[in-house]
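Scroll down for the structure; my scribbles are underneath it.
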Amino acid sequence: MVAIQVPNLQRNKDSYDMTDDPTIKSLREALRVSPDNIPLRRHLAESLMKLGLASEAESEWQQLLRQQPGNAELMLCMAQCYFQSGKFSAAMVIVEELVARRETSAGTYLLHARLLLQMGDIPFAVTEYKAAITEDPSVADEDLARRLGVDPKATADIVDGRMRTAWDRTSDAGEDTPAPEEKIERPKITFNDVGGMSSVKEDIRMKIIYPLQHADMFKAYGKSIGGGILMYGPPGCGKTHMARATAGEIGAGFMSIGIHDVLDMWIGNSEKQLHQLFETARRNRPSVLFFDEVDALGASRTDMRHSAGRHLINQFLAELDGTQTSNDGVLILAATNAPWSLDSAFRRPGRFDRILFVPPPDREGRAEILRLLLKEKPVKAIDHDAIAAKTDQFSGADMKAVVDTCVEAKLQHAMKTGKLEPIETKDLQAAAKAVKPSTQDWFASARNYALYSNQSGLYDDILKYLKITK
């Protein structure tokens, strides 16, 4: 039996009394006599669905699944029931389990596409809709296809999930689009210039550096060169510095992208500028494309009131997927202080596959940062470990503030005496007392997310750092 196609209708239970329907009444009477009759109960559930009484059908599907747990057809019907009732999250849980199975029905792909559209992930919805009609062309839905822009007319506003904007139409008309300004940097710093962060460095080596240095080995395993890493943590802990050093480590071009490089007041221009930045990176492979404060560009679509922001995120996701052009050799790094504000679609495999927590440097890391900051400054017998011990929870930026405060005090003294004196341990200890760790406010917020909004385990590293057990 094939899962029923449920019409998308909402019906108030009070507007139709199910006891007045002779079919429903007779089916219920029959089930009282034969409660374990599966075909009979399924007929009742389907009849209720057709009448728009999904809330009444829900208990019937649940009973059927208790009788036949794991049955794919019944699970799909349950998901369709949830969808008709507006319980989209519950429907998605079931559908994702079905999609993960080896054999997926056209009806499952179709419902997945509808759910993804409802949640705003249009590029993935397009993929699932195409999978549905490839599996079974008879499930094609003209209205859904129009909303997704699948097989559109030349004048359609949406093409394969992307907003067709003025820049698309200009290209169709044969007019030239101005080439984006090449803003490729060639960093000279490497990992040796970044204090601490040893585990983050190793993760980046495995994901980005080794595939370039040992391309044949990775190719043998079918592993492509490229991909994305999302770094999150308190501000000032070296995420931007690490991204720049990654490019320097492999001699790649580096592009640092901020919100001002993308956002534009005119509809469609933001998507255009984002596309051009990716194209620049693709023309200059290998290259590192770094998005600072990526949550400003990829905020959760469920929190957005305006469609323009959703279109930009859909464009961003399409560029990460490389749907039009391969991203092989384009290494994408992003940083955020607020990962909980980022749309969950960015965390899907193939986009930002590695999500790295960048904590404040540990004691050894702080000592290493201090050595780098004091390089080429006049110093005398500095006990780096002693300073590191007094600066718990200090970020890299806080350590720089300690050194800057110390240097200012020494310069002030030199202005009075006319004599240049080297920096000593006691000077740095006095400066450390004047600087407060900037990470404490961030951890106060992050702790709540890690404790109460951590169903996927994304923030387990925060709990581990804070030594909290749930």
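Going through the structure tokens in order, the chains are called A, B, and so on, while each chain numbers its residues from 1 and the ligands are numbered from 1 in the order shown.
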Taking only C-alpha atoms into account, produce a table as CSV in which each residue of segment 435-466 of chain A with an atom at most 12 Å from an atom of segment 359-369 of chain A appears once, together with its shortest atom pair and the distance in Å to one decimal, ordered by chain and rising number.
residue,atom,partner,partner_atom,distance
A:Pro437,CA,A:Pro360,CA,9.7
A:Ser438,CA,A:Pro360,CA,9.9
A:Thr439,CA,A:Pro360,CA,7.6
A:Gln440,CA,A:Pro360,CA,10.3
A:Trp442,CA,A:Pro359,CA,10.8
A:Phe443,CA,A:Pro359,CA,10.0
A:Ala446,CA,A:Pro359,CA,11.7
A:Tyr459,CA,A:Pro359,CA,11.9
A:Asp461,CA,A:Pro359,CA,9.0
A:Ile462,CA,A:Pro359,CA,8.3
A:Leu463,CA,A:Pro359,CA,11.5
A:Lys464,CA,A:Pro359,CA,10.8
A:Tyr465,CA,A:Pro359,CA,7.8
A:Leu466,CA,A:Pro359,CA,10.3
Can those selected residues be exported to a file as a compact mmCIF listing (two decimals), in the first residue's frame so that it contains C-alpha atoms?
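Just written: selection_24.txt:
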# COMPACT_ATOMS: atom_id res chain seq x y z
CA PRO A 437 39.10 38.92 31.89
CA SER A 438 36.63 39.81 29.14
CA THR A 439 35.45 36.21 28.72
CA GLN A 440 33.34 36.02 31.88
CA TRP A 442 30.34 35.41 27.38
CA PHE A 443 30.50 32.28 29.53
CA ALA A 446 26.97 30.36 26.96
CA TYR A 459 27.82 22.86 23.35
CA ASP A 461 32.73 21.46 24.94
CA ILE A 462 31.50 24.50 26.89
CA LEU A 463 30.26 22.26 29.72
CA LYS A 464 33.55 20.40 29.68
CA TYR A 465 35.51 23.66 29.86
CA LEU A 466 33.36 24.90 32.76
Exercise for review: Do a neighbour search on Gly322 of chain A at 10 Å with only C-alpha atoms, toss out local chain neighbours closer than 4 positions, and write the hits as a PyMOL selection string.
Suggested key: chain A and resi 278+316-318+326-328+350-351
Exercise for review: Can you pull out every residue within 6 Å of Ala125 of chain A, counting only C-alpha atoms, but drop anything in the same chain fewer than 5 positions away, and send it as a ChimeraX atom specification?
Suggested key: /A:113,116-117
Point to revise | Long-range neighbours of Leu110 of chain A as a count of residues only, 9 Å cut-off, only C-alpha atoms, 4 positions minimum in chain | key: 14
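If you look at atom CA of Asp143 of chain A and atom CA of Glu60 of chain A, they are 29.6 Å away from each other.
When only C-alpha atoms are used to measure the gap to Gln213 of chain A, the shortest distance among A:Glu96, A:Gly251, A:Ile355, A:Gly228 belongs to A:Gly251.
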